[in-house]
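Undergrad: Data: target30.cif, mmCIF, C-alpha atoms.
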```
data_data
loop_
_atom_site.label_atom_id
_atom_site.label_comp_id
_atom_site.auth_asym_id
_atom_site.auth_seq_id
_atom_site.Cartn_x
_atom_site.Cartn_y
_atom_site.Cartn_z
CA MET A 16 -18.49 15.38 -0.27
CA PHE A 17 -19.31 11.68 0.11
CA ASP A 18 -16.05 10.75 -1.66
CA THR A 19 -14.14 12.95 0.79
CA VAL A 20 -15.74 11.15 3.74
CA LEU A 21 -14.80 7.76 2.27
CA GLY A 22 -11.26 9.01 1.73
CA ALA A 23 -10.88 9.40 5.50
CA PHE A 24 -11.12 5.61 5.83
CA THR A 25 -8.60 4.70 3.16
CA SER A 26 -5.39 5.83 1.44
CA ASP A 27 -5.43 6.85 -2.22
CA LEU A 28 -2.88 4.88 -4.24
CA ALA A 29 -0.72 5.29 -7.32
CA ILE A 30 0.26 2.09 -9.13
CA ASP A 31 2.89 1.38 -11.76
CA LEU A 32 1.68 -1.91 -13.21
CA GLY A 33 4.84 -3.20 -14.86
CA THR A 34 5.58 -6.38 -16.76
CA ALA A 35 8.25 -7.42 -14.25
CA ASN A 36 7.32 -5.49 -11.09
CA THR A 37 4.34 -3.66 -9.64
CA ARG A 38 5.00 -0.62 -7.46
CA VAL A 39 2.50 1.13 -5.21
CA ALA A 40 2.87 4.64 -3.77
CA ILE A 41 0.77 6.71 -1.37
CA ALA A 42 0.66 10.49 -1.79
CA GLY A 43 2.96 12.09 0.76
CA GLN A 44 4.42 8.74 1.87
CA GLY A 45 6.31 7.58 -1.21
CA VAL A 46 6.62 4.00 -2.42
CA VAL A 47 5.08 1.55 0.06
CA CYS A 48 5.10 -1.68 -1.94
CA ARG A 49 7.33 -3.26 -4.59
CA LYS A 50 6.41 -6.73 -5.79
CA PRO A 51 7.23 -8.86 -8.84
CA SER A 52 4.21 -8.98 -11.18
CA VAL A 53 4.12 -12.74 -10.84
CA ALA A 54 1.55 -15.19 -9.52
CA ALA A 55 1.65 -18.92 -8.85
CA VAL A 56 -1.63 -20.50 -9.98
CA GLN A 57 -2.86 -24.05 -9.38
CA TYR A 58 -4.90 -25.57 -12.20
CA GLY A 59 -7.53 -28.08 -11.13
CA THR A 60 -8.72 -31.06 -13.15
CA ASP A 61 -12.09 -29.32 -13.51
CA GLY A 62 -10.44 -26.30 -15.17
CA ASN A 63 -10.74 -24.02 -12.15
CA ARG A 64 -7.74 -21.98 -11.08
CA GLN A 65 -6.65 -21.12 -7.57
CA LEU A 66 -4.11 -18.48 -6.55
CA VAL A 67 -1.24 -20.02 -4.59
CA ALA A 68 1.16 -17.11 -4.15
CA VAL A 69 2.03 -13.69 -5.57
CA GLY A 70 5.10 -11.49 -5.75
CA ASP A 71 8.37 -12.72 -4.26
CA ASP A 72 6.80 -15.93 -2.96
CA ALA A 73 5.63 -16.83 -6.47
CA LEU A 74 8.94 -15.84 -8.05
CA LYS A 75 10.82 -18.24 -5.78
CA MET A 76 8.68 -21.06 -7.15
CA GLU A 77 9.62 -20.42 -10.79
CA GLY A 78 11.08 -23.55 -12.35
CA ARG A 79 10.33 -25.57 -9.21
CA THR A 80 6.57 -26.16 -9.36
CA PRO A 81 4.63 -29.41 -9.85
CA LYS A 82 2.73 -29.87 -13.12
CA ASP A 83 -0.53 -28.47 -11.81
CA VAL A 84 1.04 -25.20 -10.62
CA ARG A 85 2.12 -22.62 -13.17
CA ILE A 86 3.90 -19.30 -12.85
CA VAL A 87 1.81 -16.62 -14.56
CA ARG A 88 2.84 -13.09 -15.51
CA PRO A 89 -0.54 -11.38 -15.99
CA ILE A 90 0.91 -8.07 -17.25
CA GLN A 91 2.60 -7.88 -20.64
CA ASP A 92 3.96 -4.60 -22.03
CA GLY A 93 1.83 -2.60 -19.60
CA ALA A 94 -1.39 -4.37 -20.65
CA VAL A 95 -3.40 -7.05 -18.88
CA SER A 96 -2.91 -10.42 -20.57
CA ASP A 97 -4.69 -12.51 -17.92
CA PHE A 98 -7.60 -10.63 -16.36
CA GLU A 99 -8.47 -13.08 -13.57
CA VAL A 100 -4.90 -13.47 -12.33
CA ALA A 101 -4.23 -9.71 -12.57
CA GLU A 102 -7.36 -9.02 -10.50
CA ALA A 103 -6.39 -11.57 -7.84
CA MET A 104 -2.81 -10.30 -7.68
CA LEU A 105 -3.92 -6.69 -7.33
CA ARG A 106 -6.43 -7.57 -4.63
CA VAL A 107 -3.65 -9.19 -2.57
CA LEU A 108 -1.43 -6.12 -3.03
CA LEU A 109 -4.22 -3.69 -2.10
CA VAL A 110 -5.05 -5.63 1.05
CA GLU A 111 -1.35 -5.68 1.94
CA VAL A 112 -1.08 -1.90 1.53
CA GLN A 113 -4.48 -1.00 2.99
CA GLY A 114 -4.64 -3.60 5.72
CA ARG A 115 -8.10 -5.06 6.25
CA ARG A 116 -9.85 -1.78 5.42
CA LEU A 117 -10.57 -2.84 1.86
CA TRP A 118 -14.32 -2.59 2.50
CA VAL A 119 -13.66 1.07 1.68
CA GLY A 120 -11.95 0.94 -1.69
CA PRO A 121 -9.17 3.42 -2.44
CA ARG A 122 -8.99 5.84 -5.32
CA VAL A 123 -6.29 4.50 -7.64
CA VAL A 124 -4.16 6.22 -10.27
CA ILE A 125 -2.56 3.90 -12.85
CA ALA A 126 0.34 4.94 -15.11
CA MET A 127 -0.19 3.56 -18.62
CA PRO A 128 2.26 3.49 -21.57
CA HIS A 129 1.48 6.21 -24.08
CA GLY A 130 -0.30 4.84 -27.13
CA THR A 131 -2.01 1.89 -25.46
CA THR A 132 -5.31 0.98 -27.08
CA ASP A 133 -8.76 1.64 -25.66
CA MET A 134 -9.19 -2.10 -25.14
CA GLU A 135 -5.95 -2.34 -23.16
CA ARG A 136 -6.94 0.65 -21.02
CA ARG A 137 -10.37 -0.76 -20.37
CA ALA A 138 -8.89 -4.12 -19.33
CA VAL A 139 -6.54 -2.42 -16.83
CA ARG A 140 -9.36 -0.25 -15.47
CA GLU A 141 -11.69 -3.21 -15.02
CA ALA A 142 -9.01 -5.36 -13.37
CA VAL A 143 -8.19 -2.63 -10.84
CA GLU A 144 -11.87 -1.89 -10.16
CA ALA A 145 -12.58 -5.60 -9.67
CA SER A 146 -9.71 -5.82 -7.18
CA GLY A 147 -11.47 -3.34 -4.89
CA ALA A 148 -10.68 0.19 -6.09
CA ARG A 149 -13.35 2.86 -5.58
CA SER A 150 -12.32 4.75 -8.71
CA VAL A 151 -9.56 4.44 -11.30
CA THR A 152 -7.76 7.19 -13.21
CA LEU A 153 -5.30 6.49 -16.02
CA VAL A 154 -2.36 8.82 -16.65
CA ASP A 155 0.43 8.82 -19.24
CA GLN A 156 3.50 6.87 -18.17
CA PRO A 157 6.18 9.11 -19.77
CA LEU A 158 4.57 12.17 -18.20
CA SER A 159 4.50 10.37 -14.85
CA ALA A 160 8.22 9.57 -15.16
CA ALA A 161 9.09 13.18 -15.95
CA ILE A 162 7.05 14.52 -13.02
CA GLY A 163 8.54 11.88 -10.74
CA MET A 164 11.99 13.22 -11.63
CA GLY A 165 10.92 16.79 -10.91
CA LEU A 166 11.03 18.09 -14.50
CA PRO A 167 9.10 21.30 -15.32
CA VAL A 168 6.85 19.48 -17.77
CA HIS A 169 4.41 22.36 -18.30
CA GLU A 170 7.06 24.71 -19.65
CA ALA A 171 7.48 25.27 -23.40
CA ARG A 172 10.62 23.17 -23.37
CA GLY A 173 11.44 19.77 -24.81
CA HIS A 174 12.30 16.76 -22.66
CA LEU A 175 13.35 13.31 -23.88
CA ILE A 176 12.29 10.38 -21.67
CA ILE A 177 13.63 6.85 -22.31
CA ASP A 178 11.77 4.30 -20.19
CA VAL A 179 13.40 0.87 -20.47
CA GLY A 180 11.05 -1.63 -18.86
CA ALA A 181 10.99 -5.41 -18.77
CA GLY A 182 8.59 -5.88 -21.66
CA ALA A 183 9.05 -2.74 -23.73
CA THR A 184 10.99 0.48 -24.18
CA ASP A 185 9.13 3.76 -24.56
CA VAL A 186 10.89 6.81 -26.02
CA SER A 187 8.88 10.04 -25.63
CA VAL A 188 9.37 13.73 -26.30
CA LEU A 189 7.43 15.98 -23.91
CA SER A 190 6.55 19.66 -23.97
CA LEU A 191 3.83 21.86 -22.44
CA GLY A 192 2.47 19.07 -20.27
CA GLY A 193 1.87 16.64 -23.13
CA VAL A 194 3.49 14.02 -25.33
CA VAL A 195 4.71 15.47 -28.63
CA HIS A 196 6.06 12.21 -30.01
CA SER A 197 6.28 8.70 -28.62
CA HIS A 198 7.67 5.45 -29.93
CA THR A 199 7.15 2.14 -28.12
CA MET A 200 9.28 -0.87 -28.99
CA ARG A 201 8.68 -4.38 -27.68
CA VAL A 202 12.26 -4.76 -26.53
CA GLY A 203 13.20 -4.59 -22.87
CA GLY A 204 14.85 -6.49 -20.06
CA ASP A 205 12.92 -9.71 -20.69
CA GLN A 206 13.99 -9.82 -24.35
CA MET A 207 17.60 -9.28 -23.27
CA ASP A 208 17.35 -12.20 -20.85
CA GLN A 209 15.87 -14.40 -23.59
CA ALA A 210 18.69 -13.45 -25.95
CA ILE A 211 21.29 -14.45 -23.36
CA ALA A 212 19.57 -17.77 -22.61
CA HIS A 213 19.32 -18.52 -26.34
CA ALA A 214 23.02 -17.77 -26.87
CA VAL A 215 24.07 -20.07 -24.02
CA LYS A 216 21.82 -22.83 -25.38
CA SER A 217 22.92 -22.56 -29.00
CA ARG A 218 26.65 -22.10 -28.38
CA LEU A 219 27.26 -24.26 -25.32
CA GLY A 220 24.35 -26.69 -25.41
CA ILE A 221 23.18 -25.78 -21.90
CA GLU A 222 19.66 -24.64 -21.10
CA ILE A 223 19.51 -22.04 -18.32
CA SER A 224 16.58 -20.40 -16.56
CA ARG A 225 15.35 -16.86 -17.11
CA ALA A 226 16.58 -15.96 -13.62
CA MET A 227 20.09 -17.26 -14.42
CA ALA A 228 20.15 -15.25 -17.66
CA GLU A 229 19.15 -12.16 -15.70
CA GLN A 230 22.01 -12.77 -13.27
CA LEU A 231 24.41 -12.85 -16.21
CA LYS A 232 23.04 -9.55 -17.48
CA PHE A 233 23.47 -7.86 -14.12
CA ARG A 234 26.88 -9.42 -13.50
CA PHE A 235 28.32 -8.00 -16.71
CA ALA A 236 26.40 -4.70 -16.71
CA ASN A 237 29.54 -2.67 -16.11
CA ASP A 238 32.07 -4.83 -17.94
CA GLY A 239 31.66 -3.39 -21.41
CA VAL A 240 28.89 -5.84 -22.25
CA LEU A 241 26.65 -3.25 -23.88
CA GLY A 242 29.20 -0.78 -25.18
CA PRO A 243 32.18 -0.83 -27.52
CA ARG A 244 34.75 -0.96 -24.74
CA GLU A 245 36.57 -4.25 -24.21
CA PRO A 246 37.71 -5.22 -20.69
CA VAL A 247 41.44 -5.80 -20.19
CA GLU A 248 40.80 -9.31 -18.85
CA GLU A 249 37.62 -11.00 -19.94
CA PRO A 250 35.57 -11.85 -16.82
CA THR A 251 33.48 -14.98 -16.55
CA MET A 252 30.57 -16.22 -14.47
CA VAL A 253 29.68 -19.82 -13.67
CA VAL A 254 26.10 -20.73 -14.57
CA ARG A 255 24.16 -23.91 -13.87
CA GLY A 256 21.50 -25.50 -16.00
CA ARG A 257 20.60 -28.65 -17.93
CA HIS A 258 22.78 -30.16 -20.65
CA ILE A 259 20.56 -30.53 -23.72
CA LYS A 260 22.06 -33.76 -25.11
CA SER A 261 22.58 -35.72 -21.90
CA GLY A 262 19.74 -34.19 -19.89
CA TYR A 263 22.01 -34.07 -16.84
CA PRO A 264 22.67 -30.99 -14.67
CA ALA A 265 25.64 -29.03 -15.94
CA SER A 266 27.66 -25.95 -15.12
CA THR A 267 30.09 -23.89 -17.15
CA ALA A 268 31.87 -20.54 -17.11
CA ILE A 269 30.26 -17.95 -19.38
CA PRO A 270 32.58 -15.25 -20.76
CA VAL A 271 31.46 -11.64 -21.03
CA SER A 272 31.94 -11.78 -24.83
CA LEU A 273 29.08 -14.28 -25.18
CA VAL A 274 26.70 -12.00 -23.27
CA LYS A 275 27.88 -8.98 -25.24
CA ASP A 276 27.21 -10.73 -28.55
CA ALA A 277 23.78 -11.88 -27.35
CA LEU A 278 22.75 -8.35 -26.37
CA ALA A 279 24.08 -6.65 -29.49
CA GLU A 280 20.80 -6.89 -31.44
CA PRO A 281 18.31 -5.80 -28.72
CA VAL A 282 20.59 -2.93 -27.72
CA ARG A 283 20.92 -1.85 -31.36
CA MET A 284 17.13 -1.83 -31.68
CA LEU A 285 16.83 0.28 -28.54
CA VAL A 286 19.38 2.82 -29.75
CA ASP A 287 17.68 2.97 -33.17
CA ALA A 288 14.37 3.78 -31.44
CA VAL A 289 15.98 6.74 -29.69
CA VAL A 290 17.55 7.96 -32.94
CA ARG A 291 14.24 7.65 -34.84
CA SER A 292 12.42 9.60 -32.13
CA LEU A 293 14.97 12.40 -32.42
CA GLU A 294 14.42 12.48 -36.19
CA PHE A 295 10.69 13.13 -35.62
CA THR A 296 11.30 15.82 -33.02
CA PRO A 297 10.61 19.43 -34.08
CA PRO A 298 13.82 21.49 -34.40
CA ASP A 299 13.13 23.81 -31.45
CA LEU A 300 12.45 20.90 -29.11
CA ALA A 301 15.51 19.07 -30.46
CA ALA A 302 17.59 22.12 -29.54
CA ASP A 303 16.18 21.98 -26.00
CA ILE A 304 16.99 18.28 -25.71
CA ALA A 305 20.55 18.91 -26.93
CA GLN A 306 20.98 21.15 -23.88
CA THR A 307 19.10 19.15 -21.25
CA GLY A 308 19.93 15.66 -22.52
CA ALA A 309 17.85 12.50 -22.22
CA LEU A 310 16.50 11.02 -19.01
CA MET A 311 16.46 7.24 -18.65
CA THR A 312 14.10 5.44 -16.30
CA GLY A 313 13.00 1.86 -15.73
CA GLY A 314 14.97 -1.23 -14.81
CA GLY A 315 17.22 -0.88 -17.86
CA ALA A 316 18.65 2.33 -16.42
CA LEU A 317 20.23 0.27 -13.64
CA HIS A 318 22.67 -1.19 -16.19
CA ALA A 319 25.35 1.47 -16.21
CA ALA A 320 26.56 0.50 -19.68
CA LEU A 321 23.15 1.05 -21.31
CA PRO A 322 22.91 4.81 -20.66
CA ARG A 323 26.53 5.06 -21.75
CA THR A 324 25.79 3.25 -25.01
CA VAL A 325 22.85 5.55 -25.81
CA GLN A 326 25.02 8.55 -24.98
CA ASP A 327 27.81 7.36 -27.28
CA ALA A 328 25.34 6.74 -30.14
CA THR A 329 23.42 10.02 -29.92
CA GLY A 330 25.92 12.47 -28.48
CA LEU A 331 23.34 13.43 -25.84
CA PRO A 332 24.08 13.31 -22.12
CA VAL A 333 21.92 10.59 -20.57
CA ILE A 334 20.81 11.29 -17.01
CA VAL A 335 19.66 8.53 -14.66
CA PRO A 336 17.72 9.52 -11.51
CA GLU A 337 18.64 8.17 -8.10
CA ASP A 338 15.80 5.62 -8.20
CA PRO A 339 14.92 5.12 -11.89
CA ILE A 340 12.58 2.20 -11.20
CA CYS A 341 10.24 4.27 -9.02
CA ALA A 342 10.16 7.48 -11.09
CA VAL A 343 6.86 6.55 -12.78
CA VAL A 344 4.92 5.60 -9.65
CA LEU A 345 6.20 8.64 -7.74
CA GLY A 346 5.06 10.88 -10.58
CA ALA A 347 1.65 9.18 -10.68
CA SER A 348 1.26 9.80 -6.94
CA LYS A 349 1.59 13.54 -7.65
CA TYR A 350 -1.76 13.32 -9.43
CA LEU A 351 -3.37 12.50 -6.10
CA GLU A 352 -2.03 15.78 -4.72
CA ASP A 353 -2.85 17.97 -7.75
CA PRO A 354 -5.28 16.20 -10.12
CA ALA A 355 -6.11 19.33 -12.13
CA GLY A 356 -2.75 20.93 -12.65
CA LEU A 357 -0.19 18.24 -13.42
CA PHE A 358 -1.48 15.68 -15.88
CA VAL A 359 -2.97 15.12 -19.26
CA ARG A 360 -5.03 11.99 -18.73
CA ALA A 361 -4.38 8.83 -20.68
CA SER A 362 -8.13 8.18 -20.81
#
```
Would you encode the structure as structure tokens?
TA:
Amino acid sequence: MFDTVLGAFTSDLAIDLGTANTRVAIAGQGVVCRKPSVAAVQYGTDGNRQLVAVGDDALKMEGRTPKDVRIVRPIQDGAVSDFEVAEAMLRVLLVEVQGRRLWVGPRVVIAMPHGTTDMERRAVREAVEASGARSVTLVDQPLSAAIGMGLPVHEARGHLIIDVGAGATDVSVLSLGGVVHSHTMRVGGDQMDQAIAHAVKSRLGIEISRAMAEQLKFRFANDGVLGPREPVEEPTMVVRGRHIKSGYPASTAIPVSLVKDALAEPVRMLVDAVVRSLEFTPPDLAADIAQTGALMTGGGALHAALPRTVQDATGLPVIVPEDPICAVVLGASKYLEDPAGLFVRAS
């Protein structure tokens, strides 16, 4: 009764706390906030830290800060790696979504990767509670993604979910409202960016930023960079960075073949994870998946060649929803509408 009265003064929230981006949804309203999971932190001489900026404002500062200001990514692979910064970042986001009504904390639902440890779950719960939440519920991320895409998860039918995030890729088989098998691999968009930056540095002697490597990845997403197809004319993209030997600014044209070679290993690992998950899938559920195909969510699904590569390797149709990045948070928001009937809790 008392909780219902408090709910009249606030909006209950669903949060997808991702390595690269944090998304917030309100039941019945959809996604209301999308911010990079990044904070700019100033380090004092006395060891104290002060939050300078979060989200897009902090991301713009990356690579351009003075020595006493550092860019911090407090979420790694769905787990809190820096409690204080995560708490401060979440508090800013909650105030932005709730306005100045944060004296009445919202109920919050957090989507967590399947298989996270009790310590990781406790750290996320405590960070969200410390940021002002009235109560915190943890739900399984693959189940959230499936519900967000409108799948009948409580039927006796197998579903394959491939969630390609920034820090990790989670491959899960679902049936009867639960996770039958799940495999998490620490390979995602960030590792792909690092592979590209390393290839440019080792082959051309130019050091580029993470953001520039990400631009290369997006630029060549549909040019055969991830699959076996070769473009008729090899496209290029001019990148700018620092020449390692001279130390001077430099720019050069990067061919698609360099990016393709750099991504070969992380993409192979991702495809192998899908294949291994299928090998552990019971025959009846495998038969269901052969009919329905796999569903890909997360930022990796935005690269058109990645679903195509998985499809070529497995023979399964790979379906990408209209907004693959928000599938998880939209599914988590469903818990706010039907907490008893939709989810198996992650904790």
Undergrad: Neighbours of segment 49-63 of chain A within 7 Å (all atoms listed in the file; same-chain residues fewer than 5 positions away dropped), as an MDAnalysis selection string?
TA: chainID A and resid 33:39 68:71 73:74 83:88 90 104
Undergrad: With distances taken over all atoms listed in the file, which of A:Gly256, A:Pro121, A:Pro157, A:Gly193 is nearest to Ile177 of chain A?
TA: A:Pro157
Undergrad: Can you pull out the residues contacting Gly346 of chain A? Cut-off 6 Å, using all atoms listed in the file, and skip same-chain residues under 3 positions away; I want them as JSON, numbers by chain.
TA: {"A": [159, 160, 162, 163, 343, 349]}
Undergrad: Write out the residues from the selection above, keeping C-alpha atoms, as a short mmCIF file (atom, residue, chain, number, x, y, z; two decimals), keeping the file's coordinate frame.
TA:
```cif
data_model
loop_
_atom_site.label_atom_id
_atom_site.label_comp_id
_atom_site.auth_asym_id
_atom_site.auth_seq_id
_atom_site.Cartn_x
_atom_site.Cartn_y
_atom_site.Cartn_z
CA SER A 159 4.50 10.37 -14.85
CA ALA A 160 8.22 9.57 -15.16
CA ILE A 162 7.05 14.52 -13.02
CA GLY A 163 8.54 11.88 -10.74
CA VAL A 343 6.86 6.55 -12.78
CA LYS A 349 1.59 13.54 -7.65
#
```
Undergrad: With a distance cut-off of 6 Å and all atoms listed in the file, select the neighbouring residues of segment 143-156 of chain A, excluding the residue or stretch itself and same-chain residues fewer than 2 positions from it, and output the selection as a PyMOL selection string.
TA: chain A and resi 102+105-106+120-129+140-141+158-159+360-362
Undergrad: When you count all atoms listed in the file, which of these residues is closest to His198 of chain A: A:Ala342, A:Ile223, A:Ala347, A:Ala288?
TA: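 When distances to His198 of chain A are compared using all atoms listed in the file, the smallest one comes from A:Ala288.
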Undergrad: Let me make sure I understand: among A:Pro339, A:Ser224, A:Asp299, A:Lys232, which one has the smallest atom-to-atom distance to Arg79 of chain A if we use all atoms listed in the file?
TA: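 Selected residue with least distance to Arg79 of chain A: A:Ser224.
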Undergrad: Using only C-alpha atoms, find the one residue out of A:Ala265, A:Leu175, A:Ala101, A:Val202 that sits nearest to Gln306 of chain A.
TA: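 Selected residue with least distance to Gln306 of chain A: A:Leu175.
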Undergrad: Please determine the residues with any atom at most 12 Å from (25.3, 9.4, -27.9) (coordinates as given in the file, with only C-alpha atoms counting) and report them as a list in words.
TA: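 Residues satisfying the cut-off, written out: Gly242, Val286, Asp287, Val289, Val290, Leu293, Ala305, Gly308, Ala309, Leu321, Pro322, Arg323, Thr324, Val325, Gln326, Asp327, Ala328, Thr329, Gly330, Leu331, Pro332, Val333 and Ile334 of chain A.
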Undergrad: Those same residues - C-alpha atoms - I'd like them written as a compact mmCIF listing (two decimals), in the coordinates of the input.
TA:
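And here is the file that came out, again.txt:
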```txt
# COMPACT_ATOMS: atom_id res chain seq x y z
CA GLY A 242 29.20 -0.78 -25.18
CA VAL A 286 19.38 2.82 -29.75
CA ASP A 287 17.68 2.97 -33.17
CA VAL A 289 15.98 6.74 -29.69
CA VAL A 290 17.55 7.96 -32.94
CA LEU A 293 14.97 12.40 -32.42
CA ALA A 305 20.55 18.91 -26.93
CA GLY A 308 19.93 15.66 -22.52
CA ALA A 309 17.85 12.50 -22.22
CA LEU A 321 23.15 1.05 -21.31
CA PRO A 322 22.91 4.81 -20.66
CA ARG A 323 26.53 5.06 -21.75
CA THR A 324 25.79 3.25 -25.01
CA VAL A 325 22.85 5.55 -25.81
CA GLN A 326 25.02 8.55 -24.98
CA ASP A 327 27.81 7.36 -27.28
CA ALA A 328 25.34 6.74 -30.14
CA THR A 329 23.42 10.02 -29.92
CA GLY A 330 25.92 12.47 -28.48
CA LEU A 331 23.34 13.43 -25.84
CA PRO A 332 24.08 13.31 -22.12
CA VAL A 333 21.92 10.59 -20.57
CA ILE A 334 20.81 11.29 -17.01
```
Undergrad: Could you give me, as a list in words, the residues within 10 Å of Val195 of chain A, counting all atoms listed in the file and dropping anything in the same chain fewer than 5 positions from it?
TA: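 Contacts, with the query itself left out: Gly173, His174, Ser187, Val188, Leu189, Ser190, Phe295, Thr296, Pro297 and Leu300 of chain A.
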Undergrad: Counting all atoms listed in the file, figure out which residue out of A:Ser26, A:Ser217, A:Thr131, A:Ser197 gets nearest to Ala40 of chain A.
TA: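 Looking at the shortest contact to Ala40 of chain A, the residue is A:Ser26.
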Undergrad: Find the distance between atom CA of Asp303 of chain A and atom CA of Asp185 of chain A and write it in Å to one decimal.
TA: 19.6 Å
Undergrad: Measure the distance from atom CA of Asp208 of chain A to atom CA of Arg225 of chain A in Å and round it to one decimal.
TA: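 Result for atom CA of Asp208 of chain A versus atom CA of Arg225 of chain A: 6.3 Å, one decimal.
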Undergrad: List the residues matched by the PyMOL selection byres ((chain A and resi 179) around 6) in the displayed structure as a PyMOL selection string, ordered by chain and then by residue number.
TA: chain A and resi 178+180+184+203+313+315
Undergrad: Going by the chain IDs and residue numbers used in this file, which residues fall under the PyMOL selection byres ((chain A and resi 95) around 9)? Write them as a ChimeraX atom specification.
TA: /A:89-94,96-98,101,135-136,138-139,142
Undergrad: Produce a file of the selected residues containing C-alpha atoms, as a PDB file, keeping the file's coordinate frame.
TA:
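Output (result-v3.pdb):
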```
ATOM      1  CA  PRO A  89      -0.540 -11.380 -15.990  1.00  0.00           C
ATOM      2  CA  ILE A  90       0.910  -8.070 -17.250  1.00  0.00           C
ATOM      3  CA  GLN A  91       2.600  -7.880 -20.640  1.00  0.00           C
ATOM      4  CA  ASP A  92       3.960  -4.600 -22.030  1.00  0.00           C
ATOM      5  CA  GLY A  93       1.830  -2.600 -19.600  1.00  0.00           C
ATOM      6  CA  ALA A  94      -1.390  -4.370 -20.650  1.00  0.00           C
ATOM      7  CA  SER A  96      -2.910 -10.420 -20.570  1.00  0.00           C
ATOM      8  CA  ASP A  97      -4.690 -12.510 -17.920  1.00  0.00           C
ATOM      9  CA  PHE A  98      -7.600 -10.630 -16.360  1.00  0.00           C
ATOM     10  CA  ALA A 101      -4.230  -9.710 -12.570  1.00  0.00           C
ATOM     11  CA  GLU A 135      -5.950  -2.340 -23.160  1.00  0.00           C
ATOM     12  CA  ARG A 136      -6.940   0.650 -21.020  1.00  0.00           C
ATOM     13  CA  ALA A 138      -8.890  -4.120 -19.330  1.00  0.00           C
ATOM     14  CA  VAL A 139      -6.540  -2.420 -16.830  1.00  0.00           C
ATOM     15  CA  ALA A 142      -9.010  -5.360 -13.370  1.00  0.00           C
TER      16      ALA A 142
END
```
Undergrad: Would you pick out the contacts of Arg255 of chain A at 12 Å or less, using only C-alpha atoms, so that residues sharing its chain but fewer than 6 positions from it are not included, and give the list as a VMD selection string?
TA: chain A and resid 212 215 to 216 219 to 228 230 to 231 263 to 269
Undergrad: What is the distance, in Å and to one decimal place, between atom CA of Ile304 of chain A and atom CA of Gly45 of chain A?
TA: 28.8 Å
